[in-house]
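What follows is my_file.cif (mmCIF, C-alpha atoms).
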```cif
data_upload
#
loop_
_atom_site.group_PDB
_atom_site.id
_atom_site.type_symbol
_atom_site.label_atom_id
_atom_site.label_comp_id
_atom_site.auth_asym_id
_atom_site.auth_seq_id
_atom_site.Cartn_x
_atom_site.Cartn_y
_atom_site.Cartn_z
ATOM 1 C CA MET A 1 0.000 0.000 0.000
ATOM 2 C CA VAL A 2 1.229 3.470 -0.884
ATOM 3 C CA ALA A 3 -0.063 6.575 0.832
ATOM 4 C CA GLY A 4 -0.064 9.775 -1.160
ATOM 5 C CA ILE A 5 -0.694 13.069 0.599
ATOM 6 C CA LEU A 6 -2.281 16.112 -0.990
ATOM 7 C CA ASP A 7 -1.676 19.203 1.132
ATOM 8 C CA ARG A 8 -3.911 21.975 -0.213
ATOM 9 C CA SER A 9 -1.605 24.714 1.058
ATOM 10 C CA LEU A 10 0.903 23.606 -1.592
ATOM 11 C CA PHE A 11 -1.532 24.863 -4.234
ATOM 12 C CA GLY A 12 -1.946 28.292 -2.673
ATOM 13 C CA GLU A 13 -5.451 27.586 -1.391
ATOM 14 C CA LYS A 14 -6.416 29.948 1.377
ATOM 15 C CA GLN A 15 -7.663 28.336 4.522
ATOM 16 C CA ASP A 16 -10.212 29.885 6.853
ATOM 17 C CA ASN A 17 -8.776 29.456 10.350
ATOM 18 C CA SER A 18 -12.255 29.695 11.865
ATOM 19 C CA THR A 19 -13.083 26.321 10.300
ATOM 20 C CA LEU A 20 -11.533 23.157 11.705
ATOM 21 C CA LEU A 21 -9.586 21.743 8.790
ATOM 22 C CA LYS A 22 -9.533 18.005 8.602
ATOM 23 C CA THR A 23 -7.415 15.224 7.214
ATOM 24 C CA LEU A 24 -9.329 12.836 4.957
ATOM 25 C CA ILE A 25 -7.886 9.334 4.594
ATOM 26 C CA LEU A 26 -9.232 7.364 1.623
ATOM 27 C CA THR A 27 -8.691 3.612 1.851
ATOM 28 C CA GLU A 28 -9.512 0.902 -0.653
ATOM 29 C CA LYS A 29 -12.000 -0.976 1.511
ATOM 30 C CA PRO A 30 -13.767 -0.812 4.895
ATOM 31 C CA SER A 31 -11.463 -3.325 6.602
ATOM 32 C CA VAL A 32 -8.422 -1.137 5.867
ATOM 33 C CA ALA A 33 -10.357 1.914 7.081
ATOM 34 C CA ARG A 34 -11.065 0.082 10.350
ATOM 35 C CA ASP A 35 -7.342 -0.677 10.726
ATOM 36 C CA PHE A 36 -6.497 3.025 10.249
ATOM 37 C CA ALA A 37 -9.248 4.008 12.683
ATOM 38 C CA LYS A 38 -7.935 1.634 15.328
ATOM 39 C CA ALA A 39 -4.364 2.879 14.901
ATOM 40 C CA LEU A 40 -5.437 6.554 15.025
ATOM 41 C CA GLY A 41 -8.049 6.193 17.775
ATOM 42 C CA VAL A 42 -10.959 7.175 15.521
ATOM 43 C CA LYS A 43 -14.083 5.607 17.019
ATOM 44 C CA THR A 44 -17.173 7.417 15.711
ATOM 45 C CA ARG A 45 -18.819 5.564 12.820
ATOM 46 C CA HIS A 46 -20.966 7.378 10.256
ATOM 47 C CA ASP A 47 -22.636 6.270 7.036
ATOM 48 C CA GLY A 48 -19.701 5.555 4.706
ATOM 49 C CA ASN A 49 -16.964 6.946 6.959
ATOM 50 C CA MET A 50 -15.488 7.185 10.441
ATOM 51 C CA ALA A 51 -14.499 10.487 12.035
ATOM 52 C CA ASP A 52 -13.212 11.983 15.275
ATOM 53 C CA GLY A 53 -11.694 15.412 15.785
ATOM 54 C CA ASP A 54 -9.736 16.422 12.720
ATOM 55 C CA THR A 55 -9.532 12.961 11.102
ATOM 56 C CA VAL A 56 -12.040 11.463 8.665
ATOM 57 C CA ILE A 57 -11.535 7.990 7.195
ATOM 58 C CA THR A 58 -13.533 6.686 4.253
ATOM 59 C CA TRP A 59 -13.197 3.902 1.713
ATOM 60 C CA ALA A 60 -13.697 3.162 -1.954
ATOM 61 C CA LEU A 61 -15.148 -0.392 -1.856
ATOM 62 C CA GLY A 62 -12.529 -1.471 -4.378
ATOM 63 C CA HIS A 63 -13.658 0.538 -7.397
ATOM 64 C CA LEU A 64 -16.131 3.423 -7.546
ATOM 65 C CA LEU A 65 -15.798 4.162 -11.262
ATOM 66 C CA GLU A 66 -15.386 2.154 -14.441
ATOM 67 C CA LEU A 67 -14.489 3.018 -18.010
ATOM 68 C CA LEU A 68 -17.312 3.731 -20.415
ATOM 69 C CA GLU A 69 -18.086 0.885 -22.791
ATOM 70 C CA PRO A 70 -17.031 1.386 -26.430
ATOM 71 C CA GLN A 71 -20.648 1.909 -27.556
ATOM 72 C CA ASP A 72 -21.025 4.696 -24.969
ATOM 73 C CA TYR A 73 -18.481 6.689 -26.991
ATOM 74 C CA ASP A 74 -19.872 5.859 -30.405
ATOM 75 C CA PRO A 75 -22.768 3.511 -31.393
ATOM 76 C CA LYS A 76 -20.655 2.144 -34.271
ATOM 77 C CA TRP A 77 -18.413 0.478 -31.663
ATOM 78 C CA LYS A 78 -21.249 -1.622 -30.202
ATOM 79 C CA THR A 79 -20.330 -4.452 -32.566
ATOM 80 C CA TRP A 80 -16.616 -4.966 -32.777
ATOM 81 C CA ARG A 81 -15.099 -5.504 -36.172
ATOM 82 C CA LEU A 82 -11.466 -6.213 -36.898
ATOM 83 C CA ASN A 83 -11.195 -3.149 -39.119
ATOM 84 C CA ALA A 84 -12.476 -0.931 -36.247
ATOM 85 C CA LEU A 85 -9.651 -1.962 -33.910
ATOM 86 C CA PRO A 86 -8.043 -0.525 -31.950
ATOM 87 C CA ILE A 87 -10.912 1.316 -30.298
ATOM 88 C CA LEU A 88 -9.285 4.460 -28.962
ATOM 89 C CA PRO A 89 -11.536 7.329 -27.908
ATOM 90 C CA ASP A 90 -10.097 10.849 -27.962
ATOM 91 C CA ARG A 91 -10.371 10.937 -24.168
ATOM 92 C CA PHE A 92 -11.154 8.024 -21.862
ATOM 93 C CA GLN A 93 -14.179 8.677 -19.669
ATOM 94 C CA TYR A 94 -15.554 7.052 -16.539
ATOM 95 C CA LYS A 95 -18.970 6.315 -15.099
ATOM 96 C CA PRO A 96 -20.068 5.344 -11.579
ATOM 97 C CA ILE A 97 -20.423 1.654 -10.827
ATOM 98 C CA SER A 98 -24.065 1.159 -9.894
ATOM 99 C CA LYS A 99 -23.430 -1.002 -6.811
ATOM 100 C CA THR A 100 -20.979 1.539 -5.310
ATOM 101 C CA ARG A 101 -22.807 4.743 -6.363
ATOM 102 C CA LYS A 102 -23.823 5.587 -2.767
ATOM 103 C CA GLN A 103 -20.224 5.370 -1.515
ATOM 104 C CA LEU A 104 -19.041 7.501 -4.446
ATOM 105 C CA ARG A 105 -21.491 10.236 -3.374
ATOM 106 C CA ILE A 106 -20.153 10.035 0.198
ATOM 107 C CA VAL A 107 -16.519 10.294 -0.947
ATOM 108 C CA LYS A 108 -17.309 13.237 -3.258
ATOM 109 C CA LYS A 109 -19.134 15.050 -0.432
ATOM 110 C CA LEU A 110 -16.213 14.503 1.943
ATOM 111 C CA LEU A 111 -13.746 15.778 -0.660
ATOM 112 C CA LYS A 112 -15.746 19.019 -0.886
ATOM 113 C CA SER A 113 -15.601 19.597 2.885
ATOM 114 C CA PRO A 114 -12.960 21.870 4.509
ATOM 115 C CA LEU A 115 -9.829 19.719 4.295
ATOM 116 C CA GLU A 116 -6.206 20.477 4.970
ATOM 117 C CA ARG A 117 -4.970 17.285 3.363
ATOM 118 C CA VAL A 118 -6.118 14.125 1.648
ATOM 119 C CA VAL A 119 -4.218 10.892 2.233
ATOM 120 C CA ILE A 120 -4.661 8.340 -0.546
ATOM 121 C CA ALA A 121 -4.103 5.010 1.196
ATOM 122 C CA THR A 122 -5.271 2.672 -1.557
ATOM 123 C CA ASP A 123 -3.688 -0.180 -3.479
ATOM 124 C CA ALA A 124 -0.283 0.819 -4.821
ATOM 125 C CA GLY A 125 -1.031 -0.713 -8.235
ATOM 126 C CA ARG A 126 -1.841 1.578 -11.138
ATOM 127 C CA GLU A 127 -5.470 0.488 -11.190
ATOM 128 C CA GLY A 128 -5.824 1.086 -7.413
ATOM 129 C CA GLU A 129 -5.198 4.811 -7.674
#
```
Would you put the structure from the file into structure tokens?
Amino acid sequence: MVAGILDRSLFGEKQDNSTLLKTLILTEKPSVARDFAKALGVKTRHDGNMADGDTVITWALGHLLELLEPQDYDPKWKTWRLNALPILPDRFQYKPISKTRKQLRIVKKLLKSPLERVVIATDAGREGE
């Protein structure tokens, strides 16, 4: 596991000192979030996250997004033909995975809250980040 840290002050974002800025830790799955919570003494459980003081821990349930299907880019790619390969859209796009849509909304909401830093504590593989 690799933890990446995004400190918003590095990007010149002004921080309102009247608001308690928090650290958000994003893990790959709930069991890893529980391990972080135990190690950091975070005990309060909420829907889709755990938080105490200035620490919030949430998880991604493996994957929250998936690539669009070829036919989502262009109907001609619904049926694959050898002469149409490779299928390379101008820009790859993602869509929410239906079974993890609720957790995606929770993570997005947390990312919009007053945060000092975000710790990405997911799988170190390319697909995990």
So, counting all atoms listed in the file, which residue among A:Ala51, A:Ala37, A:Ile106, A:His63 is closest to Asp123 of chain A?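 Residue with the minimum atom-to-atom distance to Asp123 of chain A: A:His63.
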Report, in Å to a single decimal, how far apart atom CA of Phe92 of chain A and atom CA of Ser113 of chain A are.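 Separation of atom CA of Ser113 of chain A and atom CA of Phe92 of chain A: 27.7 Å.
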Could you state which residues are captured by the PyMOL selection byres ((chain A and resi 68-80) around 7) in this file, as a list in words?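 For this structure, the PyMOL selection byres ((chain A and resi 68-80) around 7) captures Glu66, Leu67, Arg81, Leu82, Ala84, Gln93, Tyr94 and Lys95 of chain A.
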Atoms kept (C-alpha atoms) for selection, written as an mmCIF file, in the coordinates of the input:
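Final file, selection.cif:
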```
data_model
loop_
_atom_site.group_PDB
_atom_site.id
_atom_site.type_symbol
_atom_site.label_atom_id
_atom_site.label_comp_id
_atom_site.auth_asym_id
_atom_site.auth_seq_id
_atom_site.Cartn_x
_atom_site.Cartn_y
_atom_site.Cartn_z
ATOM 1 C CA GLU A 66 -15.386 2.154 -14.441
ATOM 2 C CA LEU A 67 -14.489 3.018 -18.010
ATOM 3 C CA ARG A 81 -15.099 -5.504 -36.172
ATOM 4 C CA LEU A 82 -11.466 -6.213 -36.898
ATOM 5 C CA ALA A 84 -12.476 -0.931 -36.247
ATOM 6 C CA GLN A 93 -14.179 8.677 -19.669
ATOM 7 C CA TYR A 94 -15.554 7.052 -16.539
ATOM 8 C CA LYS A 95 -18.970 6.315 -15.099
#
```
Skip Leu115 of chain A itself and residues of its chain fewer than 5 positions away, then list as a list in words all residues within 6 Å of it, counting all atoms listed in the file.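 The residues that qualify are Leu21, Lys22 and Thr23 of chain A.
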Residues near Leu26 of chain A, anyone? I mean within 9 Å using all atoms listed in the file, not counting same-chain ones fewer than 3 positions away, as a list in words.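 Listed by chain and then number, they are Lys29, Ala33, Val56, Ile57, Thr58, Trp59, Ala60, Val107, Val118, Val119, Ile120, Ala121 and Thr122 of chain A.
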Please indicate the distance in Å from atom CA of Thr100 of chain A to atom CA of Leu61 of chain A, rounded to one decimal place.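 It comes out at 7.0 Å.
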So how many Å separate atom CA of Leu104 of chain A and atom CA of Arg34 of chain A, to one decimal? 18.4 Å
Using all atoms listed in the file: which of A:Ile97, A:Leu88, A:Pro30, A:Arg117 has the shortest distance to Gly48 of chain A: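 Of A:Ile97, A:Leu88, A:Pro30, A:Arg117, the one nearest Gly48 of chain A, counting all atoms listed in the file, is A:Pro30.
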Would you mind putting N, CA, C and O atoms back on segment 62-86 of chain A and writing the result as a PDB file, keeping the file's coordinate frame?
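Below is the file that was written, out28.pdb:
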```
ATOM      1  N   GLY A  62     -13.218  -0.966  -3.188  1.00  0.00           N
ATOM      2  CA  GLY A  62     -12.529  -1.471  -4.378  1.00  0.00           C
ATOM      3  C   GLY A  62     -12.539  -0.413  -5.455  1.00  0.00           C
ATOM      4  O   GLY A  62     -11.685   0.444  -5.498  1.00  0.00           O
ATOM      5  N   HIS A  63     -13.551  -0.432  -6.314  1.00  0.00           N
ATOM      6  CA  HIS A  63     -13.658   0.538  -7.397  1.00  0.00           C
ATOM      7  C   HIS A  63     -14.972   1.285  -7.289  1.00  0.00           C
ATOM      8  O   HIS A  63     -16.013   0.708  -6.996  1.00  0.00           O
ATOM      9  N   LEU A  64     -14.930   2.583  -7.548  1.00  0.00           N
ATOM     10  CA  LEU A  64     -16.131   3.423  -7.546  1.00  0.00           C
ATOM     11  C   LEU A  64     -16.527   3.827  -8.965  1.00  0.00           C
ATOM     12  O   LEU A  64     -17.666   4.201  -9.206  1.00  0.00           O
ATOM     13  N   LEU A  65     -15.573   3.762  -9.877  1.00  0.00           N
ATOM     14  CA  LEU A  65     -15.798   4.162 -11.262  1.00  0.00           C
ATOM     15  C   LEU A  65     -15.300   3.068 -12.194  1.00  0.00           C
ATOM     16  O   LEU A  65     -14.427   2.275 -11.831  1.00  0.00           O
ATOM     17  N   GLU A  66     -15.858   3.061 -13.409  1.00  0.00           N
ATOM     18  CA  GLU A  66     -15.386   2.154 -14.441  1.00  0.00           C
ATOM     19  C   GLU A  66     -15.343   2.908 -15.767  1.00  0.00           C
ATOM     20  O   GLU A  66     -16.004   3.939 -15.923  1.00  0.00           O
ATOM     21  N   LEU A  67     -14.559   2.402 -16.689  1.00  0.00           N
ATOM     22  CA  LEU A  67     -14.489   3.018 -18.010  1.00  0.00           C
ATOM     23  C   LEU A  67     -15.814   2.869 -18.736  1.00  0.00           C
ATOM     24  O   LEU A  67     -16.524   1.867 -18.565  1.00  0.00           O
ATOM     25  N   LEU A  68     -16.152   3.861 -19.546  1.00  0.00           N
ATOM     26  CA  LEU A  68     -17.312   3.731 -20.415  1.00  0.00           C
ATOM     27  C   LEU A  68     -17.085   2.573 -21.375  1.00  0.00           C
ATOM     28  O   LEU A  68     -15.948   2.271 -21.737  1.00  0.00           O
ATOM     29  N   GLU A  69     -18.165   1.946 -21.793  1.00  0.00           N
ATOM     30  CA  GLU A  69     -18.086   0.885 -22.791  1.00  0.00           C
ATOM     31  C   GLU A  69     -17.872   1.529 -24.164  1.00  0.00           C
ATOM     32  O   GLU A  69     -18.252   2.685 -24.371  1.00  0.00           O
ATOM     33  N   PRO A  70     -17.273   0.796 -25.110  1.00  0.00           N
ATOM     34  CA  PRO A  70     -17.031   1.386 -26.430  1.00  0.00           C
ATOM     35  C   PRO A  70     -18.274   2.022 -27.060  1.00  0.00           C
ATOM     36  O   PRO A  70     -18.215   3.120 -27.607  1.00  0.00           O
ATOM     37  N   GLN A  71     -19.426   1.366 -26.955  1.00  0.00           N
ATOM     38  CA  GLN A  71     -20.648   1.909 -27.556  1.00  0.00           C
ATOM     39  C   GLN A  71     -21.146   3.175 -26.862  1.00  0.00           C
ATOM     40  O   GLN A  71     -21.947   3.917 -27.425  1.00  0.00           O
ATOM     41  N   ASP A  72     -20.665   3.452 -25.651  1.00  0.00           N
ATOM     42  CA  ASP A  72     -21.025   4.696 -24.969  1.00  0.00           C
ATOM     43  C   ASP A  72     -20.327   5.894 -25.626  1.00  0.00           C
ATOM     44  O   ASP A  72     -20.804   7.016 -25.541  1.00  0.00           O
ATOM     45  N   TYR A  73     -19.201   5.641 -26.257  1.00  0.00           N
ATOM     46  CA  TYR A  73     -18.481   6.689 -26.991  1.00  0.00           C
ATOM     47  C   TYR A  73     -19.091   6.901 -28.376  1.00  0.00           C
ATOM     48  O   TYR A  73     -19.248   8.021 -28.831  1.00  0.00           O
ATOM     49  N   ASP A  74     -19.371   5.782 -29.037  1.00  0.00           N
ATOM     50  CA  ASP A  74     -19.872   5.859 -30.405  1.00  0.00           C
ATOM     51  C   ASP A  74     -20.667   4.578 -30.694  1.00  0.00           C
ATOM     52  O   ASP A  74     -20.138   3.475 -30.522  1.00  0.00           O
ATOM     53  N   PRO A  75     -21.937   4.700 -31.125  1.00  0.00           N
ATOM     54  CA  PRO A  75     -22.768   3.511 -31.393  1.00  0.00           C
ATOM     55  C   PRO A  75     -22.141   2.541 -32.394  1.00  0.00           C
ATOM     56  O   PRO A  75     -22.395   1.344 -32.336  1.00  0.00           O
ATOM     57  N   LYS A  76     -21.281   3.041 -33.287  1.00  0.00           N
ATOM     58  CA  LYS A  76     -20.655   2.144 -34.271  1.00  0.00           C
ATOM     59  C   LYS A  76     -19.728   1.123 -33.602  1.00  0.00           C
ATOM     60  O   LYS A  76     -19.389   0.110 -34.203  1.00  0.00           O
ATOM     61  N   TRP A  77     -19.310   1.396 -32.363  1.00  0.00           N
ATOM     62  CA  TRP A  77     -18.413   0.478 -31.663  1.00  0.00           C
ATOM     63  C   TRP A  77     -19.159  -0.581 -30.844  1.00  0.00           C
ATOM     64  O   TRP A  77     -18.550  -1.353 -30.120  1.00  0.00           O
ATOM     65  N   LYS A  78     -20.497  -0.612 -30.955  1.00  0.00           N
ATOM     66  CA  LYS A  78     -21.249  -1.622 -30.202  1.00  0.00           C
ATOM     67  C   LYS A  78     -20.880  -3.027 -30.686  1.00  0.00           C
ATOM     68  O   LYS A  78     -20.728  -3.948 -29.902  1.00  0.00           O
ATOM     69  N   THR A  79     -20.761  -3.183 -31.991  1.00  0.00           N
ATOM     70  CA  THR A  79     -20.330  -4.452 -32.566  1.00  0.00           C
ATOM     71  C   THR A  79     -18.885  -4.283 -33.003  1.00  0.00           C
ATOM     72  O   THR A  79     -18.581  -3.424 -33.822  1.00  0.00           O
ATOM     73  N   TRP A  80     -18.038  -5.093 -32.457  1.00  0.00           N
ATOM     74  CA  TRP A  80     -16.616  -4.966 -32.777  1.00  0.00           C
ATOM     75  C   TRP A  80     -16.331  -5.649 -34.114  1.00  0.00           C
ATOM     76  O   TRP A  80     -16.788  -6.757 -34.383  1.00  0.00           O
ATOM     77  N   ARG A  81     -15.560  -4.944 -34.905  1.00  0.00           N
ATOM     78  CA  ARG A  81     -15.099  -5.504 -36.172  1.00  0.00           C
ATOM     79  C   ARG A  81     -13.580  -5.328 -36.220  1.00  0.00           C
ATOM     80  O   ARG A  81     -13.054  -4.344 -35.708  1.00  0.00           O
ATOM     81  N   LEU A  82     -12.926  -6.259 -36.833  1.00  0.00           N
ATOM     82  CA  LEU A  82     -11.466  -6.213 -36.898  1.00  0.00           C
ATOM     83  C   LEU A  82     -10.959  -4.901 -37.492  1.00  0.00           C
ATOM     84  O   LEU A  82     -10.006  -4.307 -36.992  1.00  0.00           O
ATOM     85  N   ASN A  83     -11.650  -4.387 -38.493  1.00  0.00           N
ATOM     86  CA  ASN A  83     -11.195  -3.149 -39.119  1.00  0.00           C
ATOM     87  C   ASN A  83     -11.447  -1.918 -38.249  1.00  0.00           C
ATOM     88  O   ASN A  83     -10.950  -0.838 -38.548  1.00  0.00           O
ATOM     89  N   ALA A  84     -12.221  -2.058 -37.159  1.00  0.00           N
ATOM     90  CA  ALA A  84     -12.476  -0.931 -36.247  1.00  0.00           C
ATOM     91  C   ALA A  84     -11.465  -0.887 -35.098  1.00  0.00           C
ATOM     92  O   ALA A  84     -11.469   0.062 -34.321  1.00  0.00           O
ATOM     93  N   LEU A  85     -10.625  -1.908 -34.998  1.00  0.00           N
ATOM     94  CA  LEU A  85      -9.651  -1.962 -33.910  1.00  0.00           C
ATOM     95  C   LEU A  85      -8.396  -1.187 -34.267  1.00  0.00           C
ATOM     96  O   LEU A  85      -8.028  -1.135 -35.442  1.00  0.00           O
ATOM     97  N   PRO A  86      -7.687  -0.618 -33.373  1.00  0.00           N
ATOM     98  CA  PRO A  86      -8.043  -0.525 -31.950  1.00  0.00           C
ATOM     99  C   PRO A  86      -9.105   0.552 -31.715  1.00  0.00           C
ATOM    100  O   PRO A  86      -9.203   1.526 -32.463  1.00  0.00           O
TER     101      PRO A  86
END
```
